[in-house]
There are 4 protein chains.
Amino acid sequence: MHVALIRYTPDPELTIVAAARISTSPAQVTEHMAKLTPDQVGRQLCQLISMGHQSPLEHANFTFSIEGISRVTSHQLVRHRLASFTQQSQRFISVKGLEFVTPPTIAAVLEMRAKYVEAVQAAYELYSQMQEAGIPAEDARYVLPSALHTNLVMTMNARELLTTCALRLCLKAQWEIVELFEMVKTELKKVAPYLSADLRPKCYKLTYCDEAKSCGLFPTLSELTKTD
Amino acid sequence: MHVALIRYTPDPELTIVAAARISTSPAQVTEHMAKLTPDQVGRQLCQLISMGHQSPLEHANFTFSIEGISRVTSHQLVRHRLASFTQQSQRFISVKGLEFVTPPTIAAVLEMRAKYVEAVQAAYELYSQMQEAGIPAEDARYVLPSALHTNLVMTMNARELLTTCALRLCLKAQWEIVELFEMVKTELKKVAPYLSADLRPKCYKLTYCDEAKSCGLFPTLSELTKTD
Amino acid sequence: MHVALIRYTPDPELTIVAAARISTSPAQVTEHMAKLTPDQVGRQLCQLISMGHQSPLEHANFTFSIEGISRVTSHQLVRHRLASFTQQSQRFISVKGLEFVTPPTIAAVLEMRAKYVEAVQAAYELYSQMQEAGIPAEDARYVLPSALHTNLVMTMNARELLTTCALRLCLKAQWEIVELFEMVKTELKKVAPYLSADLRPKCYKLTYCDEAKSCGLFPTLSELTKTD
Amino acid sequence: MHVALIRYTPDPELTIVAAARISTSPAQVTEHMAKLTPDQVGRQLCQLISMGHQSPLEHANFTFSIEGISRVTSHQLVRHRLASFTQQSQRFISVKGLEFVTPPTIAAVLEMRAKYVEAVQAAYELYSQMQEAGIPAEDARYVLPSALHTNLVMTMNARELLTTCALRLCLKAQWEIVELFEMVKTELKKVAPYLSADLRPKCYKLTYCDEAKSCGLFPTLSELTKTD
């Protein structure tokens, strides 16, 4: 898996804070941009987030190249509807070169790992064979396992990154998508450090775990009540 | 594949037309609902659609049960972001009973069909075997082919049904998703006949084909210019 | 102000819970619908909401007629983007009969109230006069105060109702929009009692107040830390 | 009215075209970015738009400062839901200095213009007076006319700019919002000339006018049929 931030709104954190300011100050956004110090930007961004005044966060957008995730994960990823995706098509491109994800739990069991790799290879071979027999790539791909690599370009604004990471950095999320958003967070740190620091599982905002069973980071509400 | 309309806004077409009326008439929506005749509803619905005044179409919602489509198609389907989906999880449910889609082009070549079925069965067997070896279903599924059946509940409003069908009933769309929206159209006909009749490929609205090559239904713009 | 629920997805709470079930059970949504008891529906709906598994809530939609709110409030209302609105137009309808909102704080000061009513009436008179002089309604309306009544039809799904009420039932919200969503909640109670009970300010979910200053219902985080 | 493009995705047209390429080519988005010539970018962007393959257009975002529009127009503007807005609040800021829009049709009739200006001034004076009497700004503003200036920050992606301009550059749209999007188009020209050239009323794509009566730019469908 490879994740790279390829384009973003310049001065993303300044843009957010300056935009937020116009709702409570008569000055123009460009005046705010000229005057705000880095310290003020950091402090006020954290305040916006902690107070749930999140709409100005939409003015900063981030475009990522996401390479080498499985279609298991891409299927989950594109469920985030307040984001933009362009995905490599298996309709129009015949998959060249077999690349795929092996989940760690499979990699750990030698016998299973061998069978897994063999099965994925066999499927890919049949995929190629069917195309030689005249079956179009868009139909031959029905045999391909979900493990196969896919590439996407994803654009999300800062608000949606917060919401998505609140869900996908939770340890109850699927391991591959957790890994993906850890990399998104690392990339973001280079250009929006305050924002990146706030990309955290939802329990940090709630101050408790709202899942059926906690991972241990925060207690659940019923655990909290019990201890009181 | 099975598609059933399971819930919808009662009197969907009346609701749309009555809502549309309030923007240009001082009467309340309930008064319009009481007075509009079926004929008026039909006529004005068609007028709204042909004039592109589509926002009132959002007041009528339709919930479908979609069963037995491949994950190839569900992956495309959930890309429609102005819709609501709940999909059977392969994380929390271990797939029981092997059901899958065989594309017609594969079914037509006897030798390939046999190999295809065999490959899907082998993958499914390995999936079961891995789970017996203690690998969680959410990881074992990486070996499963995209052909496997999945079930969804989908809610879309009338406006989004129009937009989606404009794209997905086009013969350039993938055959399985065309089939799916043909069935959506048929289901809708029972409760919203005027609306159903307007679920058509985009070329009907454009009066020409904007794809690279036409299927023959409408000429492309460059074909139009040539004949003039 | 008058708010009426005019259309909705039949059996809204059953629809939500049955849809949610398909993600973790191999049965079809229609089977779940046939088997679920009212008690199960209530219990599981509350569980979905408290655990933040909210996407199935999108399958239940509610259409309201909203009459006699000010344009101050309609301007705020239409900022909720995951909802559908049709609003009475001041472009195409000339406002007939002067109806407007008087905020309680103005109504309470007799002298101000008299001046307020007079000013609104004077503006309305000039509006009529300008139209007689040939100025189109869409331009004459520039003189009309924000206090004037407007009517809308609004469709929101259960998930968005939860999100919107979390913000708009907070006492920090503007009084007229609080009143509006109190009426939405009352209307909803007739057909979706469990859901209606969960339409509450955001502090109930957070278990603390995330505004700068609490109304007293829940302490702020800094107040909580102080008392510990 | 003043419109300024204050932030945008760097190389917006290159970003769009490179993203679009990954769906039909095995290379990574960064490789496409490195290789594409300006000519190719221009040609392929036009092709994407003319063929209706618009989702890659979402990867380029544009943030505008919009100053001095009336609340008539801001109310319409925020109806575009696939966009982000931060607006100057009349709840939290007391309006200082009276600035407002006078529609040309009112400005043209001297007598009406005088009365209009007087009425707006009178309303503003009462607004100030009410606040001196202890009425909060958020209530006093009910008397303010829709003509008063407001400022916003707006972020829209290229796809939504196309869709919005298709509607709002149509001469059937309200004059002030037409003017606003003419200025958006002019601003965009500096950094995305191909895209800017495609910001046009919907009739250009349709090749006919779908309104009840044409402005003359393109004939309506019934006019087309008649002449054939």
# chains A, B, ... in the order shown; residues from 1 in each chain; ligands from 1
>>> interface_residues(of="chain C", to="chain B", cutoff="10 Å", atoms="only C-alpha atoms", output="PyMOL selection string")
chain C and resi 4+6-12+15-16+18-30+33+55-67+82-96+150-157
>>> select_by_dssp(residues="chain D", states="strand (DSSP E)", output="number ranges by chain")
D: 2-8, 61-70, 84-87, 149-157
>>> write_last_selection(atoms="N, CA, C and O atoms", output="compact mmCIF listing (two decimals), in the first residue's frame")
# COMPACT_ATOMS: atom_id res chain seq x y z
N HIS D 2 -18.25 41.97 -5.16
CA HIS D 2 -16.84 41.69 -5.42
C HIS D 2 -16.62 40.17 -5.27
O HIS D 2 -17.04 39.59 -4.27
N VAL D 3 -15.99 39.58 -6.28
CA VAL D 3 -15.72 38.13 -6.22
C VAL D 3 -14.24 37.91 -6.46
O VAL D 3 -13.68 38.40 -7.44
N ALA D 4 -13.58 37.21 -5.55
CA ALA D 4 -12.15 36.92 -5.72
C ALA D 4 -11.88 35.45 -5.45
O ALA D 4 -12.36 34.89 -4.46
N LEU D 5 -11.13 34.84 -6.36
CA LEU D 5 -10.67 33.46 -6.15
C LEU D 5 -9.50 33.54 -5.17
O LEU D 5 -8.45 34.10 -5.51
N ILE D 6 -9.66 32.99 -3.97
CA ILE D 6 -8.60 33.16 -2.97
C ILE D 6 -7.72 31.93 -2.78
O ILE D 6 -6.58 32.04 -2.36
N ARG D 7 -8.22 30.78 -3.06
CA ARG D 7 -7.42 29.56 -2.97
C ARG D 7 -7.96 28.54 -3.97
O ARG D 7 -9.15 28.56 -4.28
N TYR D 8 -7.09 27.65 -4.46
CA TYR D 8 -7.54 26.60 -5.37
C TYR D 8 -6.51 25.48 -5.42
O TYR D 8 -5.34 25.69 -5.08
N ASN D 61 -10.64 21.93 -6.66
CA ASN D 61 -11.50 22.75 -5.82
C ASN D 61 -11.10 24.22 -5.88
O ASN D 61 -9.91 24.54 -6.00
N PHE D 62 -12.10 25.10 -5.75
CA PHE D 62 -11.89 26.55 -5.87
C PHE D 62 -12.61 27.26 -4.73
O PHE D 62 -13.79 26.98 -4.49
N THR D 63 -11.88 28.13 -4.05
CA THR D 63 -12.46 28.87 -2.92
C THR D 63 -12.54 30.36 -3.27
O THR D 63 -11.54 30.96 -3.64
N PHE D 64 -13.76 30.90 -3.20
CA PHE D 64 -14.00 32.29 -3.57
C PHE D 64 -14.41 33.12 -2.35
O PHE D 64 -15.15 32.64 -1.49
N SER D 65 -13.96 34.37 -2.33
CA SER D 65 -14.52 35.34 -1.41
C SER D 65 -15.60 36.10 -2.18
O SER D 65 -15.33 36.66 -3.24
N ILE D 66 -16.81 36.09 -1.66
CA ILE D 66 -17.94 36.76 -2.32
C ILE D 66 -18.42 37.85 -1.38
O ILE D 66 -18.85 37.57 -0.26
N GLU D 67 -18.32 39.08 -1.82
CA GLU D 67 -18.63 40.21 -0.94
C GLU D 67 -19.69 41.11 -1.56
O GLU D 67 -19.69 41.35 -2.76
N GLY D 68 -20.60 41.58 -0.71
CA GLY D 68 -21.56 42.57 -1.16
C GLY D 68 -22.66 42.07 -2.05
O GLY D 68 -23.10 42.76 -2.96
N ILE D 69 -23.14 40.83 -1.82
CA ILE D 69 -24.36 40.40 -2.51
C ILE D 69 -25.52 40.57 -1.52
O ILE D 69 -25.32 40.63 -0.31
N SER D 70 -26.72 40.63 -2.06
CA SER D 70 -27.90 40.77 -1.20
C SER D 70 -28.22 39.41 -0.55
O SER D 70 -27.75 38.38 -1.01
N SER D 84 -19.51 24.31 -0.32
CA SER D 84 -19.26 24.67 1.08
C SER D 84 -19.34 26.17 1.24
O SER D 84 -18.73 26.90 0.46
N PHE D 85 -20.08 26.62 2.23
CA PHE D 85 -20.27 28.05 2.44
C PHE D 85 -19.99 28.43 3.89
O PHE D 85 -20.39 27.71 4.81
N THR D 86 -19.32 29.55 4.08
CA THR D 86 -19.28 30.18 5.40
C THR D 86 -19.78 31.59 5.19
O THR D 86 -19.25 32.32 4.35
N GLN D 87 -20.82 31.95 5.91
CA GLN D 87 -21.48 33.24 5.68
C GLN D 87 -21.38 34.11 6.92
O GLN D 87 -21.45 33.62 8.04
N HIS D 149 -26.31 43.94 2.22
CA HIS D 149 -25.11 43.19 1.82
C HIS D 149 -24.78 42.08 2.79
O HIS D 149 -24.94 42.21 3.99
N THR D 150 -24.28 40.98 2.23
CA THR D 150 -23.72 39.91 3.04
C THR D 150 -22.46 39.41 2.35
O THR D 150 -22.29 39.61 1.15
N ASN D 151 -21.56 38.80 3.12
CA ASN D 151 -20.30 38.25 2.58
C ASN D 151 -20.25 36.75 2.83
O ASN D 151 -20.72 36.29 3.87
N LEU D 152 -19.67 36.02 1.89
CA LEU D 152 -19.51 34.57 2.07
C LEU D 152 -18.14 34.13 1.56
O LEU D 152 -17.54 34.78 0.71
N VAL D 153 -17.71 32.99 2.10
CA VAL D 153 -16.63 32.24 1.47
C VAL D 153 -17.28 30.99 0.89
O VAL D 153 -18.06 30.33 1.57
N MET D 154 -17.01 30.70 -0.38
CA MET D 154 -17.63 29.55 -1.05
C MET D 154 -16.57 28.65 -1.67
O MET D 154 -15.69 29.14 -2.37
N THR D 155 -16.63 27.37 -1.40
CA THR D 155 -15.75 26.41 -2.07
C THR D 155 -16.59 25.48 -2.93
O THR D 155 -17.58 24.91 -2.45
N MET D 156 -16.23 25.36 -4.19
CA MET D 156 -16.92 24.46 -5.11
C MET D 156 -15.88 23.73 -5.93
O MET D 156 -14.85 24.31 -6.29
N ASN D 157 -16.16 22.48 -6.27
CA ASN D 157 -15.26 21.79 -7.18
C ASN D 157 -15.68 22.07 -8.63
O ASN D 157 -16.75 22.63 -8.88
>>> residues_around(residues="Leu36 in chain C", least_positions_apart="5", cutoff="10 Å", atoms="only C-alpha atoms", output="PyMOL selection string")
chain C and resi 14+17-18+31+41
>>> residues_around(residues="Ser128 in chain B", least_positions_apart="5", cutoff="12 Å", atoms="only C-alpha atoms", output="JSON, numbers by chain")
{"A": [112, 116], "B": [94, 95, 96, 97, 98, 121, 122, 123, 133, 134, 135, 136, 137, 138, 139, 140, 141, 143, 144]}
>>> atom_distance(atom1="CA of Val117 in chain B", atom2="CA of Leu148 in chain A")
19.5 Å
>>> residues_around(residues="Pro38 in chain D", least_positions_apart="4", cutoff="10 Å", atoms="only C-alpha atoms", output="ChimeraX atom specification")
/D:13-14,42-44
>>> select_by_dssp(residues="chain C", states="helix (DSSP H, G or I)", output="ChimeraX atom specification")
/C:12-22,29-35,38-50,55-59,71-77,104-107,110-132,137-143,158-168,175-189,193-197,203-206,221-227
>>> residues_around(residues="range 161-167 of chain C", least_positions_apart="2", cutoff="8 Å", atoms="only C-alpha atoms", output="ChimeraX atom specification")
/C:80,156-159,169-170,173,181,198-203
>>> decode(residues="range 42-66 of chain D", atoms="N, CA, C and O atoms", output="PDB file, in the first residue's frame")
ATOM      1  N   GLY D  42      -5.686  20.371 -22.174  1.00  0.00           N
ATOM      2  CA  GLY D  42      -6.803  21.135 -22.717  1.00  0.00           C
ATOM      3  C   GLY D  42      -7.743  20.254 -23.521  1.00  0.00           C
ATOM      4  O   GLY D  42      -8.957  20.276 -23.323  1.00  0.00           O
ATOM      5  N   ARG D  43      -7.171  19.458 -24.410  1.00  0.00           N
ATOM      6  CA  ARG D  43      -7.985  18.613 -25.286  1.00  0.00           C
ATOM      7  C   ARG D  43      -8.795  17.593 -24.483  1.00  0.00           C
ATOM      8  O   ARG D  43      -9.983  17.394 -24.718  1.00  0.00           O
ATOM      9  N   GLN D  44      -8.116  16.970 -23.525  1.00  0.00           N
ATOM     10  CA  GLN D  44      -8.796  15.897 -22.785  1.00  0.00           C
ATOM     11  C   GLN D  44      -9.807  16.427 -21.787  1.00  0.00           C
ATOM     12  O   GLN D  44     -10.799  15.765 -21.475  1.00  0.00           O
ATOM     13  N   LEU D  45      -9.558  17.612 -21.263  1.00  0.00           N
ATOM     14  CA  LEU D  45     -10.536  18.202 -20.352  1.00  0.00           C
ATOM     15  C   LEU D  45     -11.842  18.470 -21.110  1.00  0.00           C
ATOM     16  O   LEU D  45     -12.936  18.140 -20.642  1.00  0.00           O
ATOM     17  N   CYS D  46     -11.715  19.034 -22.299  1.00  0.00           N
ATOM     18  CA  CYS D  46     -12.908  19.313 -23.106  1.00  0.00           C
ATOM     19  C   CYS D  46     -13.655  18.027 -23.447  1.00  0.00           C
ATOM     20  O   CYS D  46     -14.886  17.988 -23.458  1.00  0.00           O
ATOM     21  N   GLN D  47     -12.880  16.982 -23.725  1.00  0.00           N
ATOM     22  CA  GLN D  47     -13.480  15.700 -24.064  1.00  0.00           C
ATOM     23  C   GLN D  47     -14.243  15.116 -22.876  1.00  0.00           C
ATOM     24  O   GLN D  47     -15.361  14.621 -23.015  1.00  0.00           O
ATOM     25  N   LEU D  48     -13.642  15.172 -21.686  1.00  0.00           N
ATOM     26  CA  LEU D  48     -14.310  14.682 -20.475  1.00  0.00           C
ATOM     27  C   LEU D  48     -15.651  15.387 -20.295  1.00  0.00           C
ATOM     28  O   LEU D  48     -16.676  14.753 -20.009  1.00  0.00           O
ATOM     29  N   ILE D  49     -15.626  16.707 -20.472  1.00  0.00           N
ATOM     30  CA  ILE D  49     -16.837  17.492 -20.249  1.00  0.00           C
ATOM     31  C   ILE D  49     -17.874  17.192 -21.317  1.00  0.00           C
ATOM     32  O   ILE D  49     -19.040  16.958 -21.008  1.00  0.00           O
ATOM     33  N   SER D  50     -17.448  17.131 -22.582  1.00  0.00           N
ATOM     34  CA  SER D  50     -18.438  16.918 -23.641  1.00  0.00           C
ATOM     35  C   SER D  50     -19.026  15.505 -23.573  1.00  0.00           C
ATOM     36  O   SER D  50     -20.165  15.285 -23.962  1.00  0.00           O
ATOM     37  N   MET D  51     -18.260  14.538 -23.053  1.00  0.00           N
ATOM     38  CA  MET D  51     -18.778  13.173 -22.954  1.00  0.00           C
ATOM     39  C   MET D  51     -19.492  12.906 -21.627  1.00  0.00           C
ATOM     40  O   MET D  51     -19.966  11.800 -21.378  1.00  0.00           O
ATOM     41  N   GLY D  52     -19.569  13.933 -20.783  1.00  0.00           N
ATOM     42  CA  GLY D  52     -20.291  13.741 -19.525  1.00  0.00           C
ATOM     43  C   GLY D  52     -19.568  12.847 -18.529  1.00  0.00           C
ATOM     44  O   GLY D  52     -20.190  12.320 -17.608  1.00  0.00           O
ATOM     45  N   HIS D  53     -18.247  12.651 -18.718  1.00  0.00           N
ATOM     46  CA  HIS D  53     -17.488  11.876 -17.722  1.00  0.00           C
ATOM     47  C   HIS D  53     -16.946  12.856 -16.681  1.00  0.00           C
ATOM     48  O   HIS D  53     -15.787  13.229 -16.694  1.00  0.00           O
ATOM     49  N   GLN D  54     -17.833  13.281 -15.791  1.00  0.00           N
ATOM     50  CA  GLN D  54     -17.513  14.440 -14.984  1.00  0.00           C
ATOM     51  C   GLN D  54     -16.925  14.151 -13.612  1.00  0.00           C
ATOM     52  O   GLN D  54     -16.422  15.066 -12.960  1.00  0.00           O
ATOM     53  N   SER D  55     -16.931  12.898 -13.142  1.00  0.00           N
ATOM     54  CA  SER D  55     -16.482  12.704 -11.757  1.00  0.00           C
ATOM     55  C   SER D  55     -15.028  13.133 -11.509  1.00  0.00           C
ATOM     56  O   SER D  55     -14.735  13.650 -10.439  1.00  0.00           O
ATOM     57  N   PRO D  56     -14.095  12.988 -12.459  1.00  0.00           N
ATOM     58  CA  PRO D  56     -12.734  13.458 -12.160  1.00  0.00           C
ATOM     59  C   PRO D  56     -12.645  14.970 -11.937  1.00  0.00           C
ATOM     60  O   PRO D  56     -11.699  15.448 -11.321  1.00  0.00           O
ATOM     61  N   LEU D  57     -13.634  15.692 -12.427  1.00  0.00           N
ATOM     62  CA  LEU D  57     -13.644  17.148 -12.233  1.00  0.00           C
ATOM     63  C   LEU D  57     -13.758  17.518 -10.757  1.00  0.00           C
ATOM     64  O   LEU D  57     -13.496  18.656 -10.359  1.00  0.00           O
ATOM     65  N   GLU D  58     -14.158  16.562  -9.932  1.00  0.00           N
ATOM     66  CA  GLU D  58     -14.315  16.854  -8.500  1.00  0.00           C
ATOM     67  C   GLU D  58     -12.974  16.994  -7.775  1.00  0.00           C
ATOM     68  O   GLU D  58     -12.940  17.442  -6.634  1.00  0.00           O
ATOM     69  N   HIS D  59     -11.882  16.600  -8.433  1.00  0.00           N
ATOM     70  CA  HIS D  59     -10.584  16.672  -7.752  1.00  0.00           C
ATOM     71  C   HIS D  59      -9.986  18.086  -7.742  1.00  0.00           C
ATOM     72  O   HIS D  59      -8.964  18.314  -7.102  1.00  0.00           O
ATOM     73  N   ALA D  60     -10.585  19.022  -8.477  1.00  0.00           N
ATOM     74  CA  ALA D  60     -10.092  20.407  -8.456  1.00  0.00           C
ATOM     75  C   ALA D  60     -11.089  21.287  -7.715  1.00  0.00           C
ATOM     76  O   ALA D  60     -12.261  21.364  -8.096  1.00  0.00           O
ATOM     77  N   ASN D  61     -10.639  21.927  -6.661  1.00  0.00           N
ATOM     78  CA  ASN D  61     -11.500  22.755  -5.824  1.00  0.00           C
ATOM     79  C   ASN D  61     -11.102  24.225  -5.884  1.00  0.00           C
ATOM     80  O   ASN D  61      -9.912  24.538  -6.002  1.00  0.00           O
ATOM     81  N   PHE D  62     -12.096  25.103  -5.753  1.00  0.00           N
ATOM     82  CA  PHE D  62     -11.886  26.545  -5.871  1.00  0.00           C
ATOM     83  C   PHE D  62     -12.611  27.255  -4.734  1.00  0.00           C
ATOM     84  O   PHE D  62     -13.786  26.983  -4.492  1.00  0.00           O
ATOM     85  N   THR D  63     -11.878  28.131  -4.048  1.00  0.00           N
ATOM     86  CA  THR D  63     -12.463  28.872  -2.924  1.00  0.00           C
ATOM     87  C   THR D  63     -12.545  30.358  -3.273  1.00  0.00           C
ATOM     88  O   THR D  63     -11.536  30.961  -3.635  1.00  0.00           O
ATOM     89  N   PHE D  64     -13.758  30.901  -3.198  1.00  0.00           N
ATOM     90  CA  PHE D  64     -13.998  32.293  -3.568  1.00  0.00           C
ATOM     91  C   PHE D  64     -14.415  33.123  -2.355  1.00  0.00           C
ATOM     92  O   PHE D  64     -15.150  32.644  -1.494  1.00  0.00           O
ATOM     93  N   SER D  65     -13.958  34.366  -2.334  1.00  0.00           N
ATOM     94  CA  SER D  65     -14.524  35.337  -1.405  1.00  0.00           C
ATOM     95  C   SER D  65     -15.596  36.103  -2.178  1.00  0.00           C
ATOM     96  O   SER D  65     -15.329  36.659  -3.243  1.00  0.00           O
ATOM     97  N   ILE D  66     -16.813  36.091  -1.661  1.00  0.00           N
ATOM     98  CA  ILE D  66     -17.938  36.764  -2.321  1.00  0.00           C
ATOM     99  C   ILE D  66     -18.424  37.855  -1.376  1.00  0.00           C
ATOM    100  O   ILE D  66     -18.847  37.569  -0.264  1.00  0.00           O
TER     101      ILE D  66
END
